Structure formats: C-alpha cells, structure tokens
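Visitor: So here's upload02.cif, just mmCIF, C-alpha atoms:
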```cif
data_entry
#
loop_
_atom_site.label_atom_id
_atom_site.label_comp_id
_atom_site.auth_asym_id
_atom_site.auth_seq_id
_atom_site.Cartn_x
_atom_site.Cartn_y
_atom_site.Cartn_z
CA MET A 898 0.00 0.00 0.00
CA PRO A 899 1.40 3.43 -0.94
CA SER A 900 2.67 5.54 1.93
CA GLN A 901 0.06 8.25 1.21
CA GLU A 902 -2.75 5.73 1.66
CA LEU A 903 -1.19 4.48 4.92
CA ALA A 904 -0.97 8.06 6.20
CA ALA A 905 -4.61 8.60 5.32
CA GLU A 906 -5.71 5.53 7.31
CA ALA A 907 -3.48 6.27 10.34
CA SER A 908 -4.81 8.62 12.98
CA PHE A 909 -3.50 10.07 16.19
CA PRO A 910 -6.47 11.53 18.02
CA GLY A 911 -5.51 14.62 20.02
CA VAL A 912 -6.75 15.68 23.44
CA PRO A 913 -9.96 17.70 23.14
CA ALA A 914 -9.47 21.37 23.92
CA ALA A 915 -10.45 22.48 27.42
CA SER A 916 -12.74 25.11 25.91
CA SER A 917 -14.82 22.35 24.30
CA MET A 918 -15.66 20.72 27.64
CA PRO A 919 -19.05 21.16 29.38
CA ASP A 920 -19.41 23.72 32.16
CA TRP A 921 -19.47 20.97 34.78
CA TYR A 922 -16.15 19.44 33.61
CA PRO A 923 -13.88 21.40 36.07
CA MET A 924 -15.93 20.07 38.96
CA LEU A 925 -15.60 16.52 37.61
CA LEU A 926 -11.82 16.99 37.26
CA ASP A 927 -11.48 18.25 40.83
CA THR A 928 -13.56 15.37 42.18
CA VAL A 929 -11.63 12.70 40.30
CA ALA A 930 -8.28 14.29 41.20
CA LYS A 931 -9.29 14.25 44.87
CA GLU A 932 -10.17 10.56 44.62
CA VAL A 933 -6.79 9.84 43.02
CA ARG A 934 -4.96 11.69 45.81
CA VAL A 935 -6.95 9.97 48.54
CA GLY A 936 -6.51 6.59 46.88
CA ARG A 937 -2.77 7.02 46.55
CA THR A 938 -2.49 8.18 50.17
CA ARG A 939 -4.48 5.20 51.40
CA ALA A 940 -2.46 2.81 49.26
CA MET A 941 0.81 4.20 50.64
CA ALA A 942 -0.53 4.04 54.21
CA ALA A 943 -1.70 0.47 53.70
CA ALA A 944 1.65 -0.52 52.19
CA ASN A 945 3.51 1.08 55.10
CA SER A 946 1.25 -0.68 57.61
CA GLU A 947 1.87 -4.04 55.95
CA LEU A 948 5.61 -3.41 55.86
CA LEU A 949 5.74 -2.54 59.57
CA ASN A 950 3.66 -5.57 60.51
CA SER A 951 5.95 -7.79 58.45
CA TYR A 952 9.08 -6.30 60.01
CA TRP A 953 7.58 -6.67 63.49
CA SER A 954 6.74 -10.33 62.85
CA ILE A 955 10.27 -11.06 61.60
CA GLY A 956 11.74 -9.21 64.56
CA ARG A 957 9.50 -11.11 66.97
CA GLN A 958 10.71 -14.45 65.59
CA LEU A 959 14.33 -13.38 65.86
CA ALA A 960 13.83 -12.18 69.42
CA ASP A 961 12.03 -15.37 70.44
CA ARG A 962 14.72 -17.57 68.91
CA GLU A 963 17.43 -15.61 70.66
CA SER A 964 15.60 -15.85 73.98
CA GLU A 965 14.76 -19.54 73.74
CA GLN A 966 17.78 -21.03 72.02
CA GLY A 967 20.52 -18.42 71.99
CA TRP A 968 22.51 -17.55 68.89
CA GLY A 969 25.09 -15.13 67.72
CA ALA A 970 25.56 -12.58 64.98
CA LYS A 971 26.35 -15.33 62.45
CA VAL A 972 22.69 -16.36 62.31
CA VAL A 973 21.52 -12.88 61.32
CA THR A 974 24.28 -12.53 58.74
CA ARG A 975 23.44 -15.92 57.23
CA LEU A 976 19.70 -15.23 57.28
CA SER A 977 20.25 -11.92 55.47
CA SER A 978 22.26 -13.63 52.75
CA ASP A 979 19.77 -16.46 52.26
CA ILE A 980 16.76 -14.14 52.12
CA ARG A 981 18.44 -12.03 49.44
CA THR A 982 19.30 -15.18 47.51
CA ARG A 983 15.69 -16.31 47.50
CA PHE A 984 14.35 -12.83 46.77
CA PRO A 985 17.03 -11.02 44.72
CA GLU A 986 14.76 -8.01 44.16
CA ALA A 987 13.97 -7.57 47.84
CA LYS A 988 15.50 -4.70 49.78
CA GLY A 989 15.65 -3.97 53.48
CA PHE A 990 17.02 -7.31 54.72
CA SER A 991 20.59 -6.39 55.53
CA PRO A 992 21.98 -7.77 58.81
CA ARG A 993 21.72 -4.31 60.33
CA ASN A 994 18.09 -3.92 59.33
CA LEU A 995 17.24 -7.38 60.65
CA ARG A 996 18.69 -6.33 64.01
CA TYR A 997 16.51 -3.21 63.89
CA MET A 998 13.50 -5.46 63.31
CA LYS A 999 14.39 -7.43 66.44
CA SER A 1000 14.78 -4.21 68.44
CA PHE A 1001 11.49 -2.94 67.01
CA ALA A 1002 9.62 -6.04 68.17
CA GLN A 1003 11.24 -5.91 71.59
CA ALA A 1004 10.41 -2.21 72.00
CA TRP A 1005 6.74 -2.72 71.04
CA PRO A 1006 5.56 -6.17 72.21
CA ASP A 1007 1.96 -5.22 71.34
CA PHE A 1008 2.66 -3.34 68.12
CA PRO A 1009 -0.02 -5.15 66.00
CA MET A 1010 -2.63 -3.85 68.43
CA LEU A 1011 -1.30 -0.30 68.52
CA GLN A 1012 -3.25 2.34 66.63
CA ALA A 1013 -2.04 5.52 64.93
CA PRO A 1014 0.11 7.53 65.12
CA LEU A 1015 3.02 5.14 65.79
CA ALA A 1016 1.80 2.60 63.24
CA THR A 1017 1.57 5.28 60.51
CA LEU A 1018 5.21 6.38 60.63
CA PRO A 1019 7.65 5.10 57.98
CA TRP A 1020 10.31 2.57 58.89
CA TYR A 1021 13.18 5.06 59.03
CA HIS A 1022 11.18 7.16 61.49
CA GLN A 1023 10.81 4.01 63.60
CA ILE A 1024 14.57 3.49 63.53
CA ALA A 1025 15.14 7.08 64.68
CA LEU A 1026 12.78 6.52 67.63
CA LEU A 1027 14.65 3.33 68.54
CA GLU A 1028 18.10 4.88 68.22
CA LYS A 1029 17.46 8.20 69.94
CA LEU A 1030 15.06 7.30 72.76
CA ASP A 1031 14.91 4.65 75.48
CA ASP A 1032 11.53 5.41 77.04
CA ALA A 1033 8.34 4.08 75.40
CA ALA A 1034 6.17 6.99 76.56
CA THR A 1035 8.61 9.54 75.11
CA ARG A 1036 8.77 7.61 71.85
CA LEU A 1037 4.97 7.72 71.62
CA TRP A 1038 5.01 11.48 72.28
CA TYR A 1039 7.39 12.11 69.38
CA ALA A 1040 5.53 9.64 67.17
CA ALA A 1041 2.29 11.57 67.74
CA ALA A 1042 3.99 14.90 67.02
CA ALA A 1043 5.69 13.56 63.89
CA ALA A 1044 2.41 12.18 62.54
CA GLN A 1045 0.48 15.35 63.38
CA HIS A 1046 2.97 17.77 61.84
CA GLY A 1047 4.28 15.61 59.01
CA TRP A 1048 7.90 15.75 60.16
CA SER A 1049 10.58 14.25 57.96
CA ARG A 1050 13.06 11.90 59.62
CA ASN A 1051 15.64 14.70 59.82
CA VAL A 1052 13.19 17.03 61.53
CA LEU A 1053 12.18 14.25 63.94
CA THR A 1054 15.78 13.61 64.96
CA HIS A 1055 16.37 17.36 65.36
CA GLN A 1056 13.36 17.73 67.64
CA ILE A 1057 14.53 14.78 69.72
CA SER A 1058 18.06 16.20 69.99
CA THR A 1059 16.69 19.52 71.29
CA ARG A 1060 14.44 17.72 73.81
CA LEU A 1061 11.26 19.26 72.46
CA HIS A 1062 9.05 17.17 74.76
CA GLU A 1063 10.64 18.86 77.78
CA ARG A 1064 10.25 22.38 76.35
CA SER A 1065 6.87 22.24 74.63
CA GLY A 1066 4.17 24.41 76.21
CA GLN A 1067 6.48 25.53 79.03
CA ALA A 1068 6.53 29.34 78.57
CA ILE A 1069 5.18 31.42 81.45
CA THR A 1070 1.94 32.97 80.14
CA ASN A 1071 -1.34 34.56 81.17
CA PHE A 1072 -3.25 32.86 78.34
CA ALA A 1073 -5.63 31.04 80.70
CA SER A 1074 -6.95 34.34 82.10
CA THR A 1075 -6.91 36.40 78.88
CA MET A 1076 -8.17 33.96 76.23
CA VAL A 1077 -11.07 31.57 75.81
CA ARG A 1078 -10.26 28.02 76.92
CA ALA A 1079 -9.90 26.43 73.47
CA ASP A 1080 -7.58 29.19 72.23
CA SER A 1081 -5.57 29.40 75.45
CA ASP A 1082 -4.77 25.68 75.38
CA LEU A 1083 -3.65 25.84 71.75
CA ALA A 1084 -1.63 29.01 72.36
CA GLN A 1085 0.07 27.48 75.40
CA GLN A 1086 1.06 24.38 73.46
CA ALA A 1087 2.47 26.62 70.72
CA THR A 1088 5.05 28.00 73.18
CA LYS A 1089 8.35 26.57 74.37
CA ASP A 1090 10.83 27.35 77.12
CA PRO A 1091 13.60 27.68 76.33
CA TYR A 1092 13.63 28.32 72.60
CA VAL A 1093 16.78 26.77 71.15
CA PHE A 1094 18.39 28.72 68.31
CA ASP A 1095 21.30 26.36 67.73
CA PHE A 1096 21.59 27.54 64.13
CA LEU A 1097 22.84 31.01 65.11
CA ALA A 1098 26.45 32.05 64.59
CA MET A 1099 26.88 34.56 67.39
CA THR A 1100 29.32 35.59 70.07
CA ASP A 1101 28.51 36.27 73.71
CA ARG A 1102 28.40 40.00 72.97
CA HIS A 1103 25.28 39.99 70.86
CA THR A 1104 22.57 42.65 70.78
CA GLU A 1105 18.87 42.33 70.11
CA ARG A 1106 19.47 43.53 66.55
CA ASP A 1107 22.21 40.91 65.99
CA LEU A 1108 19.84 38.23 67.19
CA GLU A 1109 17.02 39.49 65.00
CA VAL A 1110 19.19 39.64 61.87
CA GLN A 1111 20.40 36.09 62.43
CA LEU A 1112 16.87 34.75 63.01
CA VAL A 1113 15.55 36.36 59.83
CA LYS A 1114 18.57 35.08 57.89
CA HIS A 1115 17.63 31.58 58.98
CA VAL A 1116 13.88 32.13 58.96
CA GLU A 1117 13.06 28.56 57.87
CA LYS A 1118 14.91 27.11 60.86
CA PHE A 1119 13.39 29.79 63.06
CA LEU A 1120 9.90 28.78 61.91
CA LEU A 1121 10.71 25.15 62.62
CA GLU A 1122 11.66 26.06 66.17
CA LEU A 1123 8.54 28.20 66.64
CA GLY A 1124 6.37 25.28 65.57
CA GLN A 1125 3.45 24.44 63.33
CA GLY A 1126 1.10 27.20 62.20
CA PHE A 1127 3.36 30.27 62.21
CA ALA A 1128 3.66 32.46 59.09
CA PHE A 1129 6.39 35.11 58.95
CA VAL A 1130 5.04 38.63 58.29
CA GLY A 1131 8.09 40.86 58.76
CA GLU A 1132 10.92 42.27 60.86
CA GLN A 1133 11.21 45.77 62.28
CA VAL A 1134 7.55 46.30 61.39
CA ARG A 1135 6.82 50.04 61.35
CA LEU A 1136 3.93 51.20 63.53
CA GLU A 1137 2.97 54.88 63.43
CA ILE A 1138 1.10 56.05 66.51
CA ALA A 1139 -0.04 59.70 66.64
CA GLY A 1140 2.90 60.79 64.49
CA ASP A 1141 5.52 58.77 66.39
CA GLU A 1142 7.22 55.78 64.82
CA PHE A 1143 7.80 52.47 66.56
CA PHE A 1144 9.23 49.22 65.22
CA ALA A 1145 8.17 45.79 66.39
CA ASP A 1146 11.05 43.29 66.25
CA LEU A 1147 9.28 40.39 64.57
CA LEU A 1148 5.69 39.88 63.46
CA PHE A 1149 4.05 36.55 62.72
CA TYR A 1150 0.54 35.32 62.00
CA HIS A 1151 -0.71 32.08 63.52
CA LEU A 1152 -2.91 30.27 61.02
CA LYS A 1153 -4.77 28.12 63.55
CA LEU A 1154 -5.29 30.76 66.20
CA ARG A 1155 -6.19 33.33 63.51
CA CYS A 1156 -4.27 36.16 65.12
CA TYR A 1157 -1.03 38.09 64.88
CA MET A 1158 1.88 37.40 67.22
CA VAL A 1159 4.44 40.06 68.10
CA ILE A 1160 7.80 38.69 69.21
CA GLU A 1161 10.15 40.96 71.09
CA LEU A 1162 13.77 39.91 71.53
CA LYS A 1163 15.94 40.80 74.51
CA ALA A 1164 19.61 39.95 74.93
CA VAL A 1165 19.37 40.56 78.68
CA LYS A 1166 17.49 39.21 81.69
CA PHE A 1167 13.71 39.76 81.82
CA GLU A 1168 12.51 43.01 83.36
CA PRO A 1169 8.82 43.73 84.07
CA GLY A 1170 9.10 47.02 82.19
CA PHE A 1171 9.53 45.13 78.92
CA LEU A 1172 5.83 44.25 79.01
CA GLY A 1173 4.73 47.87 78.55
CA GLN A 1174 6.54 48.22 75.24
CA LEU A 1175 5.29 44.85 74.01
CA GLY A 1176 1.73 45.66 75.05
CA MET A 1177 1.80 48.88 73.05
CA TYR A 1178 2.98 47.04 69.94
CA MET A 1179 0.21 44.47 70.36
CA ALA A 1180 -2.47 47.14 70.69
CA ALA A 1181 -1.13 48.97 67.64
CA VAL A 1182 -1.15 45.78 65.53
CA ASP A 1183 -4.76 45.14 66.60
CA ASP A 1184 -5.81 48.64 65.51
CA LEU A 1185 -3.64 49.17 62.44
CA MET A 1186 -3.13 45.75 60.86
CA ALA A 1187 -5.57 43.13 62.13
CA HIS A 1188 -8.70 42.20 60.18
CA PRO A 1189 -12.01 42.63 62.06
CA ASP A 1190 -12.35 38.83 62.13
CA ASP A 1191 -8.88 38.31 63.62
CA LYS A 1192 -8.56 37.46 67.29
CA PRO A 1193 -6.55 39.71 69.63
CA THR A 1194 -2.81 39.80 69.02
CA ILE A 1195 -0.58 37.63 71.21
CA GLY A 1196 2.79 38.78 72.51
CA LEU A 1197 5.87 36.63 73.07
CA LEU A 1198 8.83 38.07 74.95
CA LEU A 1199 12.07 36.13 74.44
CA CYS A 1200 14.79 37.01 76.95
CA LYS A 1201 18.30 35.73 77.51
CA GLU A 1202 17.24 34.65 80.96
CA LYS A 1203 14.41 35.21 83.42
CA ASN A 1204 13.37 34.89 87.04
CA SER A 1205 10.23 32.77 86.70
CA VAL A 1206 8.61 34.11 89.87
CA VAL A 1207 9.14 37.71 88.77
CA ALA A 1208 7.72 36.88 85.33
CA GLU A 1209 4.60 35.32 86.85
CA TYR A 1210 3.99 38.35 89.09
CA ALA A 1211 4.53 40.72 86.16
CA LEU A 1212 1.86 38.96 84.11
CA ARG A 1213 -0.79 38.95 86.84
CA GLY A 1214 -1.92 42.49 86.16
CA PHE A 1215 -1.50 42.30 82.40
CA ASN A 1216 -4.77 42.01 80.48
CA ALA A 1217 -3.41 41.14 77.02
CA PRO A 1218 -2.23 37.58 76.19
CA VAL A 1219 1.55 37.39 76.61
CA GLY A 1220 4.10 34.63 77.01
CA ILE A 1221 7.61 34.94 78.46
CA ALA A 1222 10.39 32.48 77.67
CA GLU A 1223 14.15 32.24 77.44
CA TRP A 1224 16.17 31.70 74.29
CA LYS A 1225 19.40 29.70 74.08
CA THR A 1226 21.92 29.04 71.36
CA SER A 1227 22.55 25.57 72.74
CA LEU A 1228 21.02 23.26 75.28
CA ALA A 1229 24.20 23.46 77.34
CA ASP A 1230 23.11 27.03 78.18
CA SER A 1231 20.12 25.66 80.07
CA LEU A 1232 21.85 22.79 81.89
CA PRO A 1233 22.06 22.94 85.71
CA ASP A 1234 25.08 24.89 86.96
CA GLU A 1235 26.67 21.82 88.52
CA LEU A 1236 26.49 19.96 85.19
CA VAL A 1237 27.73 22.91 83.14
CA SER A 1238 30.70 23.29 85.47
CA SER A 1239 31.65 19.68 84.79
CA LEU A 1240 31.90 20.24 81.04
CA PRO A 1241 35.40 20.92 79.66
CA SER A 1242 36.10 24.44 78.45
CA ILE A 1243 37.14 25.27 74.88
CA GLU A 1244 40.64 26.02 76.12
CA THR A 1245 40.86 22.62 77.83
CA LEU A 1246 39.67 20.81 74.72
CA GLU A 1247 42.11 22.69 72.49
CA ALA A 1248 44.99 21.91 74.85
CA GLU A 1249 44.09 18.20 74.92
CA LEU A 1250 43.82 18.08 71.12
CA ALA A 1251 47.20 19.80 70.72
CA SER A 1252 48.78 17.38 73.19
CA GLU A 1253 47.30 14.38 71.35
CA ALA A 1254 48.49 15.74 67.97
CA ALA A 1255 52.02 16.19 69.35
CA ARG A 1256 51.98 12.64 70.75
CA LEU A 1257 50.96 11.22 67.34
CA ARG A 1258 53.69 13.18 65.54
CA GLY A 1259 56.29 11.93 67.98
#
```
Will you turn the file into structure tokens for me?

Guide:
Amino acid sequence: MPSQELAAEASFPGVPAASSMPDWYPMLLDTVAKEVRVGRTRAMAAANSELLNSYWSIGRQLADRESEQGWGAKVVTRLSSDIRTRFPEAKGFSPRNLRYMKSFAQAWPDFPMLQAPLATLPWYHQIALLEKLDDAATRLWYAAAAAQHGWSRNVLTHQISTRLHERSGQAITNFASTMVRADSDLAQQATKDPYVFDFLAMTDRHTERDLEVQLVKHVEKFLLELGQGFAFVGEQVRLEIAGDEFFADLLFYHLKLRCYMVIELKAVKFEPGFLGQLGMYMAAVDDLMAHPDDKPTIGLLLCKEKNSVVAEYALRGFNAPVGIAEWKTSLADSLPDELVSSLPSIETLEAELASEAARLRG
C-alpha cells in the first residue's frame, strides 16, 4: 500500500481542547483528582502498615529464637544472605536492618494492636525513635507529634536532639486568664521554654538587633523552632502612633489561632518594664493591621534569661495575652550549673587536642 494511503488511514487523536468541555467538567476533574490523591495516600498508608507488621513479625521471631535457644551474629548474617538469595529483588534485609526489626519487636511487644500515630510512621522514622530514645512513653510522644505535623526523619531527629518534649508548652503565660479556653490551650502548646536557636552564629556579645538579623537570615529554621502554624510577616515592622514611629522586632501570624503574634527579643534578663513596650505594639497591631475577624494579638517576649517568679507576678496584672520564655543558642546554656561546670572548656579541649596531635607526631 502506498505511503500516502497508509498516512490517510493512520490517525493520532488529540486531546480535546479544554474550551470544548461542558461547564461541569472542572468540577468533575477536581472530584476525580481528589479521589486519586486519597486513593494514593491510602495505598501508601496500607503498604507502610503491611511493611511494619511484616518487620515486626520477623523481629518477633528473631527475638524469640534468641531468647529460647541463643545464637550469635552469624545467624543474622546468614539469614540476610539467604533471604536475598531467594528474593534477589527484595530490599531492606541487611543484617543491620534485621537487628533493627528485632529491636522494634522488643520495643513494642503489642505493636499489631497499637493504633495511629506510631503505626503510621515510615520505617526510618521508627529506627530514629529506637536509636534516639529509650523510654516508650517519650517515643509515643514524638511519634504523635511527627504524625500530626508531618515531620521528615531529619526534623524528627532534630526535635529529639533539642528535647522538644521537655520544652513544649512551658513558657510562662497569662493565656488562661486572657483567652477563651480552646484558644488558650492551643496558644500554650504553641510556646516553648527555652527556645533553642542552635543555628545562630553569634558571640557572647550579641545585641537584640544581631539576634534578629540572624533569626531572619535563617527564617526557615526559626519557623521550625517556633512550631506548626506560624507564618512570617516581617521584621522591624513600622507602627505609626499619633505621628511617632515604633518598630516591632518580629511579626508573625498564627494560622490556627487566627491572630497576629508580636515577638520581642531581649539579649538581657527579663525586666517587668519590657511588658509595657510589648503591650503597646500588640495594641497597635490590633488597631492598624488586624482584620475585624482576627482574634486579639498575642505577645511573646524572648529574653536571655528570666526569674520565673518575677515573670509570673509581672503577668498577673497584664490584660493582654503574653508569654515569656528564654532563648538559648545551645542546650548546654540551660543545663544545671553543677552539670555545666563539669563540662570541659574550649581552652581545655584545644589543649588536649594539641597534646594528642604532638603525641601522634612523635
């Protein structure tokens, strides 16, 4: 058959133009797309659940065999090799991972009966919980937080390393007396004490402005430390009041609380007088920036250190919602004095390293 005749019989139907679709087509597309997303999410969740149950079952058998009959590392190494021989395409059965499965089963004897959130976390999240934490209750706390906020494994390990469970909701506040119950509970849980800014590159002689510049420079890490729901609005936000200019250090909006939050930074110890300045900024934001449907602005005062009793007394007569917390550049800053004094100084470490280097050269 001539090529022209073949070309005439061949056809490659194109996609109909969007403009030719019925008016209801966009709604159909959105509905089907939603079903696809939900289906894929459920399929991934089901696959993860099956994987975890399988790993737990393998780990349980290994643990039981070890307990009943006793065996060494050679068994795990041999088992790993034989499994990969039988299932060449299978991944995740290295000797190390098999040992994690055993630890997983030993850590959660009743895992098949456990409900979300622990059972929803991916395997590498489970490994992080096993490696970083010894206490089951603390593991469950971080598992719930990771599932709720969608933390990656790196974020999970970071939150564990900064002891988030000990700091969460610990700021001194007057939220209970200045906000409705539902909002005050959420606002309290959104606070920490201390805030750990371990990503800052600063000396001991920092000012509030130095701190602010560094936080804005690393705003993504700053938002991670603040927690879920915060949106960055601006720094040194200009507020004009009766012809006078004032500048709020940092301004955020909390998407769940539906209100602005003014954060004031202090590189010194808390003083009750700081609340007057913060309160003025909060009132100005309410009048000049907030939408009529927004809830009253919240204030957060971050100081280098504080006397907790003084902070509580200072808040008693304050009618606007304010929290007071410390900020640290490392957790060592907040360790008890007797523990800090036991840590070696930089000079001591440098001297020991120099001595060791000299010994190796000799």

Visitor: Ranking A:Val1116, A:Leu1172, A:Ala1164, A:Ala1181 by minimum distance to Glu1137 of chain A and counting only C-alpha atoms, which one comes first?

Guide: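 Smallest separation from Glu1137 of chain A among the options: A:Ala1181.
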
Visitor: Between A:Val1206, A:Val973, A:Leu1026, A:Ala1087, single out the one closest to Phe1072 of chain A, counting all atoms listed in the file.

Guide: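 Looking only at the distances to Phe1072 of chain A, the closest residue turns out to be A:Ala1087.
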
Visitor: Which residue gives the smallest distance to Asp961 of chain A among A:Lys999, A:Ala943, A:Ile1057, A:Asp979, with only C-alpha atoms counted?

Guide: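 Going through A:Lys999, A:Ala943, A:Ile1057, A:Asp979 one by one, the smallest distance to Asp961 of chain A is for A:Lys999.
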
Visitor: Can you measure atom CA of Asp1190 of chain A to atom CA of Arg1078 of chain A for me? One decimal in Å is fine.

Guide: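 Separating atom CA of Asp1190 of chain A from atom CA of Arg1078 of chain A is a distance of 18.4 Å.
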
Visitor: Figure out the distance between atom CA of Glu1161 of chain A and atom CA of Ala1068 of chain A, please, to one decimal in Å.

Guide: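 Value for the atom CA of Ala1068 of chain A-atom CA of Glu1161 of chain A distance: 14.3 Å.
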